[in-house]
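Here is the file run-v9.tsv (TSV, C-alpha atoms).
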chain	number	residue	atom	x	y	z
A	1	MET	CA	96.64	50.99	105.63
A	2	LYS	CA	98.44	53.39	103.29
A	3	GLU	CA	96.43	55.91	101.29
A	4	ILE	CA	96.35	55.35	97.53
A	5	VAL	CA	97.88	57.89	95.12
A	6	LEU	CA	97.20	57.60	91.39
A	7	ILE	CA	99.76	59.23	89.06
A	8	THR	CA	99.38	59.94	85.34
A	9	GLY	CA	102.30	60.55	82.98
A	10	SER	CA	104.04	57.71	84.76
A	11	ASN	CA	106.91	57.40	82.26
A	12	GLY	CA	108.05	61.00	82.65
A	13	GLY	CA	111.02	62.13	84.67
A	14	LEU	CA	108.94	64.08	87.19
A	15	ALA	CA	106.49	61.21	87.75
A	16	THR	CA	109.41	58.84	88.33
A	17	ASP	CA	110.85	61.15	90.96
A	18	VAL	CA	107.44	61.67	92.61
A	19	LYS	CA	106.78	57.93	92.79
A	20	LYS	CA	110.14	57.33	94.44
A	21	LEU	CA	109.43	59.94	97.12
A	22	LEU	CA	105.78	59.09	97.80
A	23	SER	CA	106.22	55.31	97.85
A	24	LYS	CA	107.64	55.58	101.36
A	25	SER	CA	104.29	56.71	102.76
A	26	TYR	CA	101.64	55.91	100.13
A	27	GLN	CA	100.47	53.08	97.93
A	28	ILE	CA	101.29	54.18	94.38
A	29	ARG	CA	99.31	53.42	91.25
A	30	SER	CA	100.16	54.64	87.77
A	31	LEU	CA	98.28	55.12	84.52
A	32	THR	CA	100.20	54.39	81.33
A	33	THR	CA	99.50	54.38	77.60
A	34	LYS	CA	101.95	51.51	77.13
A	35	LYS	CA	100.14	48.18	77.36
A	36	GLN	CA	103.41	46.29	77.75
A	37	ASP	CA	104.05	48.06	81.09
A	38	VAL	CA	100.69	47.10	82.65
A	39	ASN	CA	100.74	44.65	85.56
A	40	GLY	CA	97.17	45.06	86.87
A	41	ARG	CA	98.40	45.77	90.41
A	42	THR	CA	100.29	49.06	90.39
A	43	ILE	CA	100.32	50.00	86.69
A	44	PHE	CA	97.09	50.33	84.73
A	45	TYR	CA	96.20	51.17	81.14
A	46	TRP	CA	94.33	54.20	79.84
A	47	ASP	CA	93.61	55.62	76.40
A	48	ILE	CA	92.50	59.25	76.39
A	49	ASN	CA	91.43	59.25	72.73
A	50	LYS	CA	89.17	56.24	73.30
A	51	LYS	CA	88.06	57.64	76.67
A	52	TYR	CA	89.13	54.44	78.42
A	53	ILE	CA	90.53	53.95	81.92
A	54	ASP	CA	90.93	50.66	83.72
A	55	ILE	CA	88.58	51.43	86.61
A	56	ASP	CA	90.64	49.27	88.98
A	57	ALA	CA	93.15	52.13	88.95
A	58	LEU	CA	90.55	54.47	90.44
A	59	LYS	CA	88.90	52.23	93.05
A	60	GLY	CA	89.71	53.40	96.56
A	61	CYS	CA	91.89	56.23	95.23
A	62	ASN	CA	92.59	58.98	97.80
A	63	HIS	CA	94.69	61.36	95.73
A	64	ILE	CA	95.29	61.93	92.01
A	65	ILE	CA	98.41	63.58	90.57
A	66	HIS	CA	97.86	64.48	86.91
A	67	LEU	CA	101.28	64.90	85.23
A	68	SER	CA	100.37	63.58	81.79
A	69	GLY	CA	101.23	65.83	78.86
A	70	TYR	CA	102.63	65.38	75.37
A	71	SER	CA	105.87	67.36	75.28
A	72	ILE	CA	105.53	71.04	74.42
A	73	LEU	CA	109.02	70.79	72.88
A	74	LYS	CA	107.75	68.63	70.03
A	75	PRO	CA	107.21	70.43	66.69
A	76	TRP	CA	104.18	72.71	66.85
A	77	THR	CA	102.27	71.05	64.04
A	78	LYS	CA	98.47	70.97	64.05
A	79	LYS	CA	98.58	67.27	64.92
A	80	ASN	CA	101.02	67.74	67.80
A	81	LYS	CA	99.11	70.71	69.23
A	82	LYS	CA	96.04	68.50	69.40
A	83	LEU	CA	98.05	65.80	71.20
A	84	MET	CA	99.41	68.39	73.64
A	85	TYR	CA	95.89	69.60	74.37
A	86	GLU	CA	94.17	66.23	74.69
A	87	SER	CA	96.87	64.64	76.85
A	88	ARG	CA	96.41	67.44	79.39
A	89	ILE	CA	92.81	68.65	79.22
A	90	GLY	CA	91.28	65.49	77.78
A	91	GLY	CA	93.10	63.43	80.39
A	92	ALA	CA	91.81	65.56	83.29
A	93	ILE	CA	88.23	65.49	81.98
A	94	LEU	CA	88.37	61.72	81.48
A	95	LEU	CA	89.57	61.24	85.06
A	96	PHE	CA	86.80	63.50	86.37
A	97	ASN	CA	84.06	61.80	84.35
A	98	ARG	CA	85.07	58.32	85.50
A	99	CYS	CA	85.37	59.41	89.14
A	100	GLU	CA	81.94	61.02	88.93
A	101	GLU	CA	80.38	57.93	87.34
A	102	LEU	CA	81.93	55.60	89.94
A	103	ASN	CA	81.22	57.97	92.86
A	104	ILE	CA	84.94	58.15	93.63
A	105	ARG	CA	85.80	61.32	95.50
A	106	PRO	CA	89.54	61.82	95.87
A	107	SER	CA	90.60	64.11	98.70
A	108	THR	CA	93.13	65.87	96.50
A	109	PHE	CA	93.60	66.49	92.80
A	110	ILE	CA	97.03	67.90	91.97
A	111	SER	CA	97.65	68.92	88.37
A	112	ALA	CA	100.68	70.04	86.48
A	113	SER	CA	100.20	73.43	84.84
A	114	ALA	CA	102.65	75.90	83.32
A	115	SER	CA	103.93	79.45	83.62
A	116	GLY	CA	102.95	79.74	79.95
A	117	ILE	CA	99.48	80.71	81.18
A	118	TYR	CA	100.71	84.32	81.37
A	119	GLY	CA	101.55	84.41	77.67
A	120	LEU	CA	104.71	83.79	75.68
A	121	ARG	CA	105.04	87.43	74.58
A	122	GLU	CA	104.59	88.94	78.03
A	123	HIS	CA	107.29	90.42	80.26
A	124	GLY	CA	107.79	91.52	83.88
A	125	PHE	CA	106.76	89.91	87.17
A	126	LYS	CA	103.68	87.70	87.18
A	127	ASN	CA	101.67	86.42	90.13
A	128	GLU	CA	98.78	83.97	90.24
A	129	LYS	CA	96.17	86.77	89.97
A	130	ASP	CA	97.56	88.18	86.72
A	131	ALA	CA	95.61	87.89	83.48
A	132	VAL	CA	95.84	84.91	81.16
A	133	GLY	CA	97.85	85.51	77.97
A	134	ILE	CA	96.33	85.55	74.48
A	135	ASP	CA	98.42	82.95	72.63
A	136	TRP	CA	97.47	79.29	72.11
A	137	VAL	CA	99.76	78.02	74.87
A	138	ALA	CA	98.16	80.36	77.42
A	139	ASN	CA	94.69	79.28	76.30
A	140	MET	CA	95.68	75.61	76.59
A	141	VAL	CA	97.04	76.07	80.10
A	142	TYR	CA	93.89	77.96	81.13
A	143	ASP	CA	91.73	75.07	79.91
A	144	TRP	CA	94.07	72.67	81.69
A	145	GLU	CA	93.50	74.39	85.02
A	146	ASP	CA	89.78	74.74	84.31
A	147	ALA	CA	89.54	70.97	83.73
A	148	ALA	CA	91.34	70.33	87.02
A	149	ASN	CA	88.88	72.58	88.83
A	150	LYS	CA	86.05	70.22	87.88
A	151	PHE	CA	87.19	68.01	90.74
A	152	GLN	CA	85.90	70.64	93.16
A	153	GLN	CA	82.45	69.31	92.24
A	154	LEU	CA	83.50	66.02	93.87
A	155	GLY	CA	84.67	67.79	97.00
A	156	SER	CA	88.35	67.45	96.07
A	157	ARG	CA	90.93	70.04	97.04
A	158	VAL	CA	92.54	71.17	93.77
A	159	VAL	CA	96.14	72.32	93.43
A	160	GLN	CA	97.68	73.48	90.12
A	161	MET	CA	101.45	73.73	89.70
A	162	ARG	CA	102.41	76.54	87.30
A	163	LEU	CA	105.76	74.98	86.62
A	164	SER	CA	108.85	76.89	85.63
A	165	LEU	CA	111.80	75.15	83.96
A	166	ILE	CA	112.35	71.86	85.81
A	167	LEU	CA	116.04	71.09	86.19
A	168	SER	CA	117.33	67.56	86.62
A	169	LYS	CA	120.72	65.98	86.03
A	170	THR	CA	119.07	62.90	84.53
A	171	TYR	CA	116.63	64.39	82.01
A	172	GLY	CA	115.68	67.63	80.27
A	173	PRO	CA	117.66	70.77	79.41
A	174	LEU	CA	120.14	70.65	82.29
A	175	ARG	CA	121.17	67.10	81.37
A	176	TYR	CA	121.84	68.12	77.77
A	177	ASN	CA	123.72	71.23	78.87
A	178	LEU	CA	125.92	69.12	81.12
A	179	LEU	CA	126.61	66.63	78.34
A	180	ALA	CA	127.43	69.39	75.85
A	181	MET	CA	129.75	71.10	78.31
A	182	LYS	CA	131.62	67.87	78.95
A	183	TYR	CA	132.22	67.67	75.21
A	184	GLY	CA	133.51	71.24	75.24
A	185	ILE	CA	130.53	73.27	73.94
A	186	GLY	CA	128.00	75.44	75.76
A	187	VAL	CA	125.07	77.01	73.95
A	188	ILE	CA	123.09	80.17	74.72
A	189	LEU	CA	119.85	80.37	72.76
A	190	GLY	CA	118.50	83.84	72.05
A	191	ASP	CA	118.97	86.82	74.39
A	192	ASN	CA	121.48	85.84	77.06
A	193	LYS	CA	119.88	88.35	79.46
A	194	ASN	CA	116.46	86.66	79.39
A	195	PRO	CA	115.35	85.53	82.86
A	196	VAL	CA	115.32	81.81	83.60
A	197	ASN	CA	112.63	80.80	86.11
A	198	TRP	CA	113.60	77.36	87.38
A	199	ILE	CA	113.11	74.76	90.07
A	200	TYR	CA	114.97	71.52	90.81
A	201	ILE	CA	113.01	68.32	90.25
A	202	SER	CA	113.17	67.08	93.85
A	203	ASP	CA	111.71	70.38	95.07
A	204	VAL	CA	108.71	69.83	92.79
A	205	SER	CA	108.27	66.35	94.23
A	206	ASN	CA	108.50	67.70	97.76
A	207	PHE	CA	105.88	70.33	96.93
A	208	ILE	CA	103.53	67.58	95.73
A	209	LEU	CA	104.07	65.65	98.96
A	210	GLU	CA	103.32	68.75	101.04
A	211	ALA	CA	100.26	69.56	98.90
A	212	ILE	CA	98.85	66.11	99.67
A	213	LYS	CA	99.49	66.40	103.39
A	214	ASN	CA	98.58	70.05	103.98
A	215	ASP	CA	94.96	71.14	103.49
A	216	ASN	CA	96.05	74.79	103.28
A	217	TYR	CA	97.48	74.20	99.80
A	218	GLN	CA	94.78	75.28	97.35
A	219	GLY	CA	94.55	76.68	93.83
A	220	ALA	CA	97.34	77.72	91.48
A	221	TYR	CA	100.96	78.24	92.52
A	222	ASN	CA	103.90	79.63	90.58
A	223	LEU	CA	106.38	76.83	91.14
A	224	ALA	CA	109.87	78.29	91.00
A	225	ASN	CA	112.53	78.81	93.62
A	226	GLY	CA	112.48	82.60	93.34
A	227	LYS	CA	116.19	82.79	92.51
A	228	ILE	CA	115.80	84.05	88.96
A	229	ILE	CA	118.97	83.97	86.89
A	230	SER	CA	119.84	84.91	83.33
A	231	GLN	CA	120.52	82.32	80.66
A	232	ASN	CA	124.04	83.70	80.48
A	233	SER	CA	124.57	83.14	84.21
A	234	LEU	CA	123.18	79.60	83.99
A	235	VAL	CA	125.51	78.53	81.20
A	236	LYS	CA	128.56	80.26	82.69
A	237	THR	CA	127.96	78.64	86.08
A	238	ILE	CA	127.87	75.19	84.47
A	239	LYS	CA	131.04	76.07	82.53
A	240	ARG	CA	132.84	77.19	85.69
A	241	LYS	CA	131.77	74.15	87.72
A	242	ILE	CA	131.96	71.39	85.09
A	243	CYS	CA	134.23	72.36	82.20
A	244	PRO	CA	136.15	75.67	82.42
A	245	TYR	CA	137.57	75.19	78.94
A	246	ALA	CA	134.23	74.79	77.15
A	247	LEU	CA	133.49	77.14	74.28
A	248	ILE	CA	130.29	79.19	74.68
A	249	ILE	CA	128.29	79.68	71.46
A	250	LYS	CA	125.50	82.26	71.23
A	251	ILE	CA	122.72	81.65	68.69
A	252	PRO	CA	120.52	84.72	67.98
A	253	ILE	CA	116.78	84.28	68.27
A	254	PHE	CA	116.15	85.19	64.62
A	255	ILE	CA	118.26	82.21	63.52
A	256	ILE	CA	116.42	79.90	65.90
A	257	LYS	CA	113.11	81.20	64.51
A	258	LEU	CA	114.17	80.22	61.00
A	259	PHE	CA	114.43	76.59	62.13
A	260	ILE	CA	111.61	76.17	64.66
A	261	GLY	CA	109.27	79.06	63.86
A	262	GLU	CA	106.61	79.94	66.44
A	263	LYS	CA	108.12	77.60	69.04
A	264	SER	CA	111.05	80.01	69.39
A	265	LEU	CA	108.77	82.09	71.66
A	266	ILE	CA	109.48	79.61	74.45
A	267	LEU	CA	113.18	80.49	74.24
A	268	ASN	CA	112.53	84.24	74.20
A	269	ASN	CA	110.22	84.45	77.21
A	270	LYS	CA	110.82	87.50	79.40
A	271	ILE	CA	108.55	86.98	82.40
A	272	SER	CA	109.69	86.55	86.00
A	273	LEU	CA	107.54	84.51	88.36
A	274	SER	CA	106.47	85.87	91.74
A	275	VAL	CA	106.61	83.15	94.41
A	276	GLU	CA	104.98	85.17	97.19
A	277	LYS	CA	101.97	82.82	97.40
A	278	LEU	CA	104.27	79.78	97.52
A	279	ASN	CA	106.36	81.34	100.28
A	280	LYS	CA	103.24	82.01	102.36
A	281	THR	CA	102.62	78.26	102.60
A	282	GLY	CA	105.94	77.91	104.39
A	283	PHE	CA	107.33	75.71	101.63
A	284	ILE	CA	111.10	76.03	101.27
A	285	CYS	CA	113.08	74.87	98.24
A	286	LYS	CA	116.15	72.83	99.13
A	287	TYR	CA	117.99	73.79	95.94
A	288	ASN	CA	118.25	77.55	95.47
A	289	THR	CA	121.31	77.95	93.27
A	290	ILE	CA	122.74	76.11	90.27
A	291	GLU	CA	125.77	75.40	92.47
A	292	ASP	CA	123.48	73.56	94.93
A	293	ILE	CA	122.47	71.21	92.12
A	294	LEU	CA	125.91	70.68	90.64
A	295	ASP	CA	127.52	70.11	94.05
A	296	ASN	CA	124.91	67.53	95.13
Could the structure of this file be written out as structure tokens, please?
Amino acid sequence: MKEIVLITGSNGGLATDVKKLLSKSYQIRSLTTKKQDVNGRTIFYWDINKKYIDIDALKGCNHIIHLSGYSILKPWTKKNKKLMYESRIGGAILLFNRCEELNIRPSTFISASASGIYGLREHGFKNEKDAVGIDWVANMVYDWEDAANKFQQLGSRVVQMRLSLILSKTYGPLRYNLLAMKYGIGVILGDNKNPVNWIYISDVSNFILEAIKNDNYQGAYNLANGKIISQNSLVKTIKRKICPYALIIKIPIFIIKLFIGEKSLILNNKISLSVEKLNKTGFICKYNTIEDILDN
């Protein structure tokens, strides 16, 4: 009988890719906030604000992958910041509380996290032992990982993915860059020399699969491929491969700040992620250059 994997954030691009990969070897269940998607067999309803989970989703569960999170790219209003926090931390705590109450002890709890834990105003190389930043995003990510660690009380092995920029040709920033280039315009936001820490979506999914199978995976990992590039190099590579005649437009960070305020810090991040701990697991990314992605 196949082991059961429960996935939150089931409507997101990463969750969709993970489900496709894991369904070959595992029985997949999903938690959704959309009642119209519920079927009572593989898709179950939950409401973090009301602290409700359909307990049938948890029964017999062997592994939990917590990918739920209200998009950090939404406007940073007080209301949205609360939604960002609760969907991540509140969701993890709700899962833990219900598992504890029902005496469900998953072997593995894998949680999304973010490189933002090091701080949006920081710079230089960062490894998993470096200090937590002092801005609200860093504090949120710290609480996110802390909530995941509660599962250690149930005997679960906990893995946190400090995600860099996830690239995919079907959703997110790469998709929009590709579309813009095909229409003849490429955009560089802020300092074109800023490092871009990135990883292709299927490599994230493969990491999750390995983290389920391999008991040596434990704790937080910087999830990037280690091939750091500049924003300028990223855009010019897409231009060269997709549309050589596209016009590249550079928008200074001070102009961006006028429109989106504090959120502009995401676009002006200057840290580079060390992947030494990831490499020690023996995990190898399949996609290591932008050309690898575009040629696939």
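Using only C-alpha atoms, the protein and nucleic acid residues lying no more than 12 Å from Leu73 (chain A), apart from those fewer than 6 places from it along its own chain, are Asn80, Lys81, Met84, Val137, Gly172, Pro173, Ile260, Glu262, Lys263, Ser264, Leu265, Ile266 and Leu267 of chain A.
The spacing separating CA of Ile64 (chain A) from CA of Asn127 (chain A) amounts to 25.4 Å.
Residue nearest Val204 (chain A) within the list A:Arg162, A:His123, A:Arg175, A:Arg41: A:Arg162 [criterion: smallest interatomic distance, only C-alpha atoms].
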task = With a distance cut-off of 7 Å and only C-alpha atoms, select the neighbouring residues of Gly190 (chain A), excluding the residue or stretch itself and same-chain residues fewer than 2 positions from it, and output the selection as a ChimeraX atom specification.
result = /A:188,192,251-253,267-268
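Note that CA of Tyr171 (chain A) and CA of Asn269 (chain A) are 21.6 Å apart.
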task = Could you please determine the separation between CA of Tyr26 (chain A) and CA of Tyr45 (chain A) in Å, to one decimal place?
result = 20.3 Å
ask   = For Val141 (chain A), which of A:Ala224, A:Leu120, A:Ile89, A:Leu6 is the closest residue, counting only C-alpha atoms?
value = A:Ile89
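Of the residues listed (A:Ile4, A:Ala211, A:Ile104, A:Ile271), A:Ile104 shows the shortest atom-to-atom separation from Ile55 (chain A); distances use only C-alpha atoms.
Between Asn222 (chain A) and the residues A:Ile242, A:Val38, A:Met161, A:Leu209, the shortest atom-to-atom distance, using all atoms listed in the file, involves A:Met161.
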